[in-house]
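Engineer: Take a look at this one; I'll ask things after.
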4 protein chains.
Amino acid sequence: MEFATAAHVAETLEQLGFKVRLGTDACDASSRLGVPSKQLLDMAYHDALKAGAHPRILKKMRGGLTAVVADLPASDSAHTMAFRFDMDALPVAESDDLSHGPARLEFVSQLPGLMHACGHDAHTAIGLSLAARLAQDPPANSIRLLFQPAEEGCRGAIAMRNAGCVDGVDTLVCFHLGLGVPTGHVYSDSTGHLATTKFRVRLVGSAAHAGRAPEEGKNALLAACTAILNIHALPRYSHAITRVNVGHVSAPGAPNIVPATATFELETRAANEAVNKDLERRIHRIVEHSALMQDVQSEVEVIGSSTVIHCDDSLSTLIQTVARTVPGVTTIGTGWEAGGSEDASWLIREVQGQGGTGTYMVVGASSPGPHHSNQFDVDETALPIAVDLLDVIARAASRRT
Amino acid sequence: MEFATAAHVAETLEQLGFKVRLGTDACDASSRLGVPSKQLLDMAYHDALKAGAHPRILKKMRGGLTAVVADLPASDSAHTMAFRFDMDALPVAESDDLSHGPARLEFVSQLPGLMHACGHDAHTAIGLSLAARLAQDPPANSIRLLFQPAEEGCRGAIAMRNAGCVDGVDTLVCFHLGLGVPTGHVYSDSTGHLATTKFRVRLVGSAAHAGRAPEEGKNALLAACTAILNIHALPRYSHAITRVNVGHVSAPGAPNIVPATATFELETRAANEAVNKDLERRIHRIVEHSALMQDVQSEVEVIGSSTVIHCDDSLSTLIQTVARTVPGVTTIGTGWEAGGSEDASWLIREVQGQGGTGTYMVVGASSPGPHHSNQFDVDETALPIAVDLLDVIARAASRRT
Amino acid sequence: MEFATAAHVAETLEQLGFKVRLGTDACDASSRLGVPSKQLLDMAYHDALKAGAHPRILKKMRGGLTAVVADLPASDSAHTMAFRFDMDALPVAESDDLSHGPARLEFVSQLPGLMHACGHDAHTAIGLSLAARLAQDPPANSIRLLFQPAEEGCRGAIAMRNAGCVDGVDTLVCFHLGLGVPTGHVYSDSTGHLATTKFRVRLVGSAAHAGRAPEEGKNALLAACTAILNIHALPRYSHAITRVNVGHVSAPGAPNIVPATATFELETRAANEAVNKDLERRIHRIVEHSALMQDVQSEVEVIGSSTVIHCDDSLSTLIQTVARTVPGVTTIGTGWEAGGSEDASWLIREVQGQGGTGTYMVVGASSPGPHHSNQFDVDETALPIAVDLLDVIARAASRRT
Amino acid sequence: MEFATAAHVAETLEQLGFKVRLGTDACDASSRLGVPSKQLLDMAYHDALKAGAHPRILKKMRGGLTAVVADLPASDSAHTMAFRFDMDALPVAESDDLSHGPARLEFVSQLPGLMHACGHDAHTAIGLSLAARLAQDPPANSIRLLFQPAEEGCRGAIAMRNAGCVDGVDTLVCFHLGLGVPTGHVYSDSTGHLATTKFRVRLVGSAAHAGRAPEEGKNALLAACTAILNIHALPRYSHAITRVNVGHVSAPGAPNIVPATATFELETRAANEAVNKDLERRIHRIVEHSALMQDVQSEVEVIGSSTVIHCDDSLSTLIQTVARTVPGVTTIGTGWEAGGSEDASWLIREVQGQGGTGTYMVVGASSPGPHHSNQFDVDETALPIAVDLLDVIARAASRRT
């Protein structure tokens, strides 16, 4: 649903001279996970149109195909160096307390109930600044910039991978700002990203008048409550850290009607993929039988997915070397402990499968509030540091081919 | 939210010469239960304005004060005979299958997701037809017509009672069309209406990143699931039929965020008021401790209420006598078994407390689909029968003063 | 497990000249429900042997066949009048507080953890007193006395019925002492007995070390908890009073072992048999899927059963007539409201199916504590009243053939 | 309850010339956790007496004080070297399948329902063999042997510590046989032992007749089920591995009685003590409010506890050095990954607090079945290896003072 942002990104990159791929060229429609309803996508599309997005570009994105891939080719034989930026927002209502910088300075989110509570707007800004630098003074490497939608929920990367967006990439550098790391600190790689799967569950029973014929209902809500408690009660695993969470529930209706439908979303996470698969299997079992217990039908849809990340040491070492030359970088570390999930994992794995290398860096940016909270903000002095860092990486990598 | 309907009712009654009370004269604002949000009410208000509702009338109803009381006074000493009509719709999306009459004949509900799935539009139509008859040929009795909003959920009657709408009423006749009773059949009274209370529960905990810090969350959703299961698991009672149902749940968010809030609605019902009070007490206990178990805060609001109905035999007998004279009435019974709840109970109890009499009748109307289903429709031949019946009752009652 | 009591009953009846049927002649072994384990039955058997029970009689009862049927035949054509007495105790530890009569007078239960908390010992005493009276002064009717084991839990009657114990019975009178009815009051019939089914559920999963490999367990306890909550959360029914209760749970083990097994017992009750069948069907579904959710196996055994009772008016009227002649009977009523269940229902239904009549009376007996509580006691002045009443019924019934 | 074993141990050690402490000298009665009932302890006591245990020794152990501490002092200034052996069994019924060695060779457990499923009988045998060796050929070190009851459930060590059993100890060596490590392998230290707390929860409500007055009950079982599900649904923690398990549940009664009482046992585990404390706090909250939700009273007793273990490198290195000299030891490792809990942790921490050193070793012993299973057995060739190893450690340690 990032139409306006993506169209702006694409238009800017075109103007800078990048070769831009859009729509189905950047995003395999059928591989997308957890796609919003056509109605919501159409509303967002028209909102972007009204807000002045470029019609030709926007048209290609219709239906939510908002990925953007931009190439700045060097000579044919050049090493292809790729960077990935995620563009999406979170369903968090931004704080309007004046202690929150964006509120005080009046640049809070313009969309009620949505904000960039994870700094992905800064990622996009960094990507465009980097693009301008590279266009002005092209490096020896071929450059590819990936602007990805729908990182939150781990929904966008697979569709970009399946559209071939990382085909031919030799080196892929992904990164995140902040995450508790203060401005000036850089981690050249990270560890502990968890494999994850996100699900949407739909339960369908039958409504009935709760006073006159309660026994005629098939109660989808009771099925949901049983499933949710039992999902959280899944065992801890001896060989891997795990997580489970149900985080979005709706059983519409009225207190005098036995609830006919309930939907909820959930995620599993695990430090290795086999355990995550086992959790998936158990989720299916719990949902199926919680539903059947109430004579209710169930449907489980995968709406997001990522895997673990193994950063390449050689690339990490290279980054450490060049990072020292970047003004403002005061501390360089390795092995940032993730504890979360990232669908860049699918892109990195794909590049590694082609014989290339990849890493997931963290670039420090102090923030008064934690990620995913409504007090989240980004120290803006971190942005030029990040652009400088990516710039030297973009140029450095060529030396190692 | 019945602005357009209520404004139309009020305008018509004024034109017929009734003395009409509106707004705070018909509805005690602070006694209303389960009032929708100001935002929703304002949207509905403006929709009604756009749809052509009378601005002067509508203005008085602003904020949801949609009750209408209309008097047709006879001589000062006359017996006051009152009828009550409920006007509200249900959150059921009407069927567009052509086997559904209103779909075939193109008069399905104009508001998506809402329909008169319980025949209250027919009630309103009957009320206006009766008003026209009585205006044209006034009876010896003083007449009062009560058009009540928000019967579904048992929210509207108390506010009308507290505004004095049944003060001075000697006889109150309430009725419902259909309810499984075929066209031509009439029950002059009913039994087994259940006392009921409707609640809205709000649970507030704390959000947290489900991957990086699950232990920092206070999970309002788990509290809700525990409460919902335990509410349904309340004991059956030895001395009274009971019902419990949770019917509207929402815990918004995302699968990667520990849910900070959850809301749900529920109802209790019981064949006597003491048992209903005991259920209320237990609901409060279950909610409070389900929340505290997760270190979550809870708030329980009463959004609807009705009590049991004891119909007066003398009034029932009178109705049986006059009903025999109504063309189309083929069968007259007593003691229709309700099994549901009705907030007309508060109005009848008030009239009885003043020394008057009351009854709750059922007027047959065949329907292909059950009440509260999206196939619900009303046999229109039942409507003139109902008008005729109320007309003879309006005139007959005077004879017994 | 009532070996000593039953052997004493049989021996006494033999000595009084009754023709006594024992063992498989009085009890169809394969129809018994909820039979205790062979080990427990053998222990009880040997305890009775040690306590001095008659070896020849006891031997026939081995394995728990403790029903006793005694005939006192009149002429061949005589009307056969039967009375049924239940003999069993409850798993309630008797109070040793001195305010409890049996404690003060030192005749509390001799078996720790068991007591006659429902007055069935008084029933047995009444039966033997009646037997002595009838033997001494035989009535014109043929008499049959049924001493039934295992009424609590509704387990014994079907096995007696299937052994033919009520074959040829013209009139069957069953009764209960007390039940809140004070001494001197008699109800000649009752209403509202609920159909019931009792179940034992066994869940079998796999154990695992809870610290080192929790994910290897298949948790039978979680399956049990889910089932128990959902069983209690079954819907109320619109057409019949219902009850559900889970009342005996065990999941042995240790806190560091994932529980491999869990067993529990439960009952359903309903005011009509179709609803009880529907509850049974839902119980099976809940248990099956609660188990499968955890990859656990389940087994549901029926351990008790009774149906509704329709007392015959003619018999009730006869009893009212003769009860007036009994000294101490001060008040005679009909239609005592049961609210519980009785497996005498199967015997009464069988007699009625043969063209006979039956009733279930209540004979008043004041008690300081409620039935099934550890303070339960029986006002002993009620016993001779009961014996007198049954005596006149035994003689009166002959007049109506 | 290990009376016979402990008495045999004490008697043997006395005969070998050790100075033996028993009863309250070896075990602080009031610090014991999860003590069995007086009745059970008395039964076990008398069983041991009948089985021929030494009466003088046994008498000191009455009430379950079965710890044994034995000193073999060297010169006053000598280094005190201690070894700890656990003696207790598990509530697992031993397999009688002939593929199970002890069944084939007829030395299965003599106590039905109990077996040494964790090899603690082998530990005891090793301890006594070591004692014989050291008594025959005393080392330069002072020696202390600790024979501990109730390691399973982490109940015995605190009581020994509080009785001063490790006062004055310079070096404490604890160990376990097997644990998946094959015969011939030795780990000189271990890591990852989890802090744990074991609880017993008692819930007390009120019974009621489930048919006649279900609403009068206060259902302790529903409270238990709610608590158990919510305990398992506790969050995973971001900073430490955790475990929770409920493992022993009982709600006695009958299906027609609302359950008045329920008891269950549970454990928490965590890789650091602060997290374990946080889990404890949450357990208390869940239990309290699950109970209050049903108007039921609750009581939580701590019945077991252990903490994390930090083995001393210097001691581990010493052991590695001497282990190489032991015939049969083929492989020596460090840092065995525990994943479970050990109350030896309290003893090791106490010794370290006095300035001493400690370790927890694993001595390999192949077994066909896993620990805590009914197929568990110990490769007996591992026993002399273990004795030899402890023997060289007992002598070696002196060299480093």
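We label chains A, B, ... in the order they appear in the structure tokens, count residues from 1 in each chain, and number ligands from 1 in the order shown.
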DSSP on the backbone: which residues in segment 212-378 of chain C end up as alpha helix (DSSP H)? Give the answer as a PyMOL selection string.
Structural biologist: chain C and resi 220-232+273-293+313-323+344-353
Engineer: Counting only C-alpha atoms, give me one row per residue of chain C with an atom at most 9 Å from an atom of chain B, showing the shortest contact pair and its distance in Å to one decimal, sorted by chain then residue number, as JSON lines.
Structural biologist:
```
{"residue": "C:Leu229", "atom": "CA", "partner": "B:Ala233", "partner_atom": "CA", "distance": 6.6}
{"residue": "C:Asn230", "atom": "CA", "partner": "B:Leu229", "partner_atom": "CA", "distance": 7.3}
{"residue": "C:Ile231", "atom": "CA", "partner": "B:Ala233", "partner_atom": "CA", "distance": 7.8}
{"residue": "C:His232", "atom": "CA", "partner": "B:Ala233", "partner_atom": "CA", "distance": 4.5}
{"residue": "C:Ala233", "atom": "CA", "partner": "B:Ala233", "partner_atom": "CA", "distance": 3.9}
{"residue": "C:Leu234", "atom": "CA", "partner": "B:Ala233", "partner_atom": "CA", "distance": 7.3}
{"residue": "C:Pro235", "atom": "CA", "partner": "B:His232", "partner_atom": "CA", "distance": 7.6}
{"residue": "C:Arg236", "atom": "CA", "partner": "B:Arg243", "partner_atom": "CA", "distance": 6.3}
{"residue": "C:Tyr237", "atom": "CA", "partner": "B:Arg243", "partner_atom": "CA", "distance": 8.7}
{"residue": "C:Ser238", "atom": "CA", "partner": "B:Gly339", "partner_atom": "CA", "distance": 7.3}
{"residue": "C:Ile241", "atom": "CA", "partner": "B:Ile241", "partner_atom": "CA", "distance": 7.1}
{"residue": "C:Thr242", "atom": "CA", "partner": "B:Arg236", "partner_atom": "CA", "distance": 7.4}
{"residue": "C:Arg243", "atom": "CA", "partner": "B:Arg236", "partner_atom": "CA", "distance": 6.3}
{"residue": "C:Val244", "atom": "CA", "partner": "B:Arg236", "partner_atom": "CA", "distance": 8.2}
{"residue": "C:Asn245", "atom": "CA", "partner": "B:Pro235", "partner_atom": "CA", "distance": 8.9}
{"residue": "C:Gly339", "atom": "CA", "partner": "B:Ser238", "partner_atom": "CA", "distance": 7.3}
```
Engineer: Can you list, as a VMD selection string, all residues belonging to segment 1-204 of chain A that DSSP tags as strand (DSSP E)?
Structural biologist: chain A and resid 19 to 21 68 to 72 80 to 86 142 to 148 171 to 177 185 to 187 190 to 191 195 to 204
Engineer: Would you output that residue set with C-alpha atoms, as a compact mmCIF listing (two decimals), in the first residue's frame?
Structural biologist:
```
# COMPACT_ATOMS: atom_id res chain seq x y z
CA LYS A 19 17.15 1.88 -15.31
CA VAL A 20 13.99 1.24 -13.32
CA ARG A 21 11.92 -1.93 -13.16
CA VAL A 68 11.04 -0.73 -7.32
CA VAL A 69 14.36 -2.04 -8.73
CA ALA A 70 16.90 0.39 -10.17
CA ASP A 71 20.11 -0.47 -12.03
CA LEU A 72 23.11 1.73 -12.67
CA THR A 80 27.11 -6.18 -9.26
CA MET A 81 26.67 -4.60 -5.90
CA ALA A 82 23.12 -4.42 -4.52
CA PHE A 83 21.54 -2.52 -1.64
CA ARG A 84 18.09 -3.12 -0.28
CA PHE A 85 15.83 -0.50 1.32
CA ASP A 86 12.44 -1.23 2.87
CA SER A 142 27.39 -2.12 -11.34
CA ILE A 143 24.86 -0.95 -8.81
CA ARG A 144 21.38 -2.26 -8.10
CA LEU A 145 19.04 -0.60 -5.62
CA LEU A 146 16.09 -2.64 -4.33
CA PHE A 147 13.24 -0.67 -2.78
CA GLN A 148 11.09 -3.26 -1.10
CA THR A 171 27.08 -8.74 -3.25
CA LEU A 172 23.97 -7.79 -1.34
CA VAL A 173 24.09 -5.35 1.55
CA CYS A 174 20.99 -4.98 3.68
CA PHE A 175 20.82 -2.83 6.79
CA HIS A 176 18.62 -1.34 9.43
CA LEU A 177 18.94 1.97 11.24
CA HIS A 185 28.09 2.85 15.90
CA VAL A 186 28.02 0.35 13.05
CA TYR A 187 27.71 -3.43 13.07
CA SER A 190 24.39 -9.59 12.53
CA THR A 191 23.35 -12.90 13.94
CA ALA A 195 13.03 -17.78 10.92
CA THR A 196 9.39 -16.75 11.03
CA THR A 197 6.04 -17.53 9.50
CA LYS A 198 3.00 -15.27 9.74
CA PHE A 199 -0.48 -16.72 9.38
CA ARG A 200 -4.00 -15.48 8.95
CA VAL A 201 -6.66 -17.82 10.34
CA ARG A 202 -10.31 -17.64 9.34
CA LEU A 203 -12.92 -19.59 11.27
CA VAL A 204 -16.45 -19.94 9.95
```
Engineer: Would you mind telling me which residue in C:Gly253, C:Gly64, C:Gly328, C:Gly127 lies nearest to Ala48 of chain C when using only C-alpha atoms?
Structural biologist: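 Of all the options, C:Gly64 lies closest to Ala48 of chain C.
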Engineer: Lay chain D over chain C with a least-squares fit on all the C-alpha atoms, paired in sequence, and tell me the RMSD.
Structural biologist: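 Pairing the C-alpha atoms in order and fitting gives 0.1 Å.
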Engineer: For each of D:Gly192, D:Gly63, D:Pro73, D:Gly205, take the minimum atom-to-atom distance to Ala140 of chain D, counting only C-alpha atoms, then give the residue where this is smallest.
Structural biologist: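 Of D:Gly192, D:Gly63, D:Pro73, D:Gly205, the one nearest Ala140 of chain D, counting only C-alpha atoms, is D:Pro73.
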Engineer: Between atom CA of Asp170 of chain A and atom CA of Ala78 of chain A, what is the distance in Å, rounded to a tenth?
Structural biologist: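 Atom-to-atom, atom CA of Asp170 of chain A to atom CA of Ala78 of chain A, that is 9.6 Å.
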Engineer: Might you pull out every residue within 7 Å of segment 24-31 of chain B, with only C-alpha atoms counted and same-chain residues fewer than 2 positions away left off, and present them as number ranges by chain?
Structural biologist: B: 21-22, 33, 65, 67-69, 158-160, 162-163, 165
Engineer: Output N, CA and C atoms of each residue in that selection to a file, as a CSV table (one decimal), in the first residue's frame.
Structural biologist:
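Listing of out.csv after writing:
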```csv
chain,number,residue,atom,x,y,z
B,21,ARG,N,-43.0,15.1,20.7
B,21,ARG,CA,-41.8,15.4,21.6
B,21,ARG,C,-40.5,14.8,21.0
B,22,LEU,N,-39.5,15.5,21.0
B,22,LEU,CA,-38.2,15.1,20.3
B,22,LEU,C,-37.0,15.3,21.2
B,33,LEU,N,-27.7,3.7,26.9
B,33,LEU,CA,-26.7,2.7,27.1
B,33,LEU,C,-26.1,2.4,25.8
B,65,LEU,N,-30.2,11.4,19.7
B,65,LEU,CA,-31.5,11.4,20.5
B,65,LEU,C,-32.7,11.2,19.5
B,67,ALA,N,-35.4,9.2,19.7
B,67,ALA,CA,-36.7,8.8,20.1
B,67,ALA,C,-37.8,9.8,19.7
B,68,VAL,N,-39.0,9.3,19.4
B,68,VAL,CA,-40.1,10.2,19.0
B,68,VAL,C,-41.3,9.8,19.8
B,69,VAL,N,-41.9,10.8,20.5
B,69,VAL,CA,-43.2,10.5,21.3
B,69,VAL,C,-44.3,11.4,20.7
B,158,ILE,N,-34.9,2.5,28.4
B,158,ILE,CA,-34.6,3.2,29.7
B,158,ILE,C,-34.5,4.7,29.5
B,159,ALA,N,-33.8,5.1,28.4
B,159,ALA,CA,-33.7,6.6,28.2
B,159,ALA,C,-35.0,7.2,28.0
B,160,MET,N,-36.0,6.5,27.3
B,160,MET,CA,-37.3,7.1,27.1
B,160,MET,C,-38.1,7.1,28.4
B,162,ASN,N,-36.9,7.3,31.3
B,162,ASN,CA,-36.3,8.3,32.2
B,162,ASN,C,-36.6,9.8,31.7
B,163,ALA,N,-37.0,9.9,30.5
B,163,ALA,CA,-37.4,11.2,30.0
B,163,ALA,C,-38.9,11.4,30.2
B,165,CYS,N,-41.5,9.4,29.2
B,165,CYS,CA,-42.3,9.2,28.0
B,165,CYS,C,-43.6,8.3,28.3
```
Engineer: Could you state the separation of atom CA of Leu292 of chain A and atom CA of Lys277 of chain C in Å, given to one decimal place?
Structural biologist: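 Between atom CA of Leu292 of chain A and atom CA of Lys277 of chain C the gap is 18.6 Å.
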Engineer: Excluding His193 of chain D and residues on its chain fewer than 5 positions from it, collect all residues at most 9 Å away from it, counting only C-alpha atoms, and give them as number ranges by chain.
Structural biologist: D: 270-271, 307-310, 337-342, 345
Engineer: Skip Glu380 of chain B itself and residues of its chain fewer than 4 positions away, then list as a CSV table (one decimal) with all heavy atoms, in the first residue's frame all residues within 10 Å of it, counting only C-alpha atoms.
Structural biologist:
```
chain,number,residue,atom,x,y,z
B,122,ALA,N,-41.1,-2.7,9.5
B,122,ALA,CA,-42.6,-3.0,9.5
B,122,ALA,C,-43.3,-2.4,10.7
B,122,ALA,O,-44.4,-1.8,10.6
B,122,ALA,CB,-42.8,-4.5,9.4
B,183,THR,N,-49.0,-15.6,9.7
B,183,THR,CA,-49.9,-14.5,9.4
B,183,THR,C,-51.3,-15.0,9.8
B,183,THR,O,-51.7,-16.1,9.5
B,183,THR,CB,-49.9,-14.2,7.9
B,183,THR,OG1,-48.6,-13.8,7.5
B,183,THR,CG2,-50.8,-13.0,7.6
B,365,ALA,N,-46.8,-13.1,11.3
B,365,ALA,CA,-46.3,-12.7,10.0
B,365,ALA,C,-45.4,-13.7,9.5
B,365,ALA,O,-44.3,-13.9,10.0
B,365,ALA,CB,-45.6,-11.3,10.0
B,366,SER,N,-45.8,-14.4,8.5
B,366,SER,CA,-45.0,-15.5,7.9
B,366,SER,C,-43.7,-14.9,7.3
B,366,SER,O,-43.7,-13.8,6.8
B,366,SER,CB,-45.8,-16.3,6.9
B,366,SER,OG,-47.0,-16.7,7.4
B,367,SER,N,-42.6,-15.6,7.4
B,367,SER,CA,-41.3,-15.2,6.8
B,367,SER,C,-40.5,-16.4,6.4
B,367,SER,O,-40.5,-17.5,7.0
B,367,SER,CB,-40.5,-14.5,7.9
B,367,SER,OG,-39.1,-14.4,7.4
B,384,PRO,N,-51.6,-4.8,7.2
B,384,PRO,CA,-52.9,-4.3,7.5
B,384,PRO,C,-53.6,-5.0,8.6
B,384,PRO,O,-54.4,-4.3,9.4
B,384,PRO,CB,-53.6,-4.5,6.2
B,384,PRO,CG,-52.8,-5.4,5.3
B,384,PRO,CD,-51.4,-5.3,5.8
B,385,ILE,N,-53.4,-6.3,8.8
B,385,ILE,CA,-54.0,-7.0,9.9
B,385,ILE,C,-53.5,-6.3,11.3
B,385,ILE,O,-54.3,-6.0,12.2
B,385,ILE,CB,-53.6,-8.5,9.9
B,385,ILE,CG1,-54.2,-9.1,8.7
B,385,ILE,CG2,-54.1,-9.1,11.2
B,385,ILE,CD1,-53.8,-10.6,8.5
```
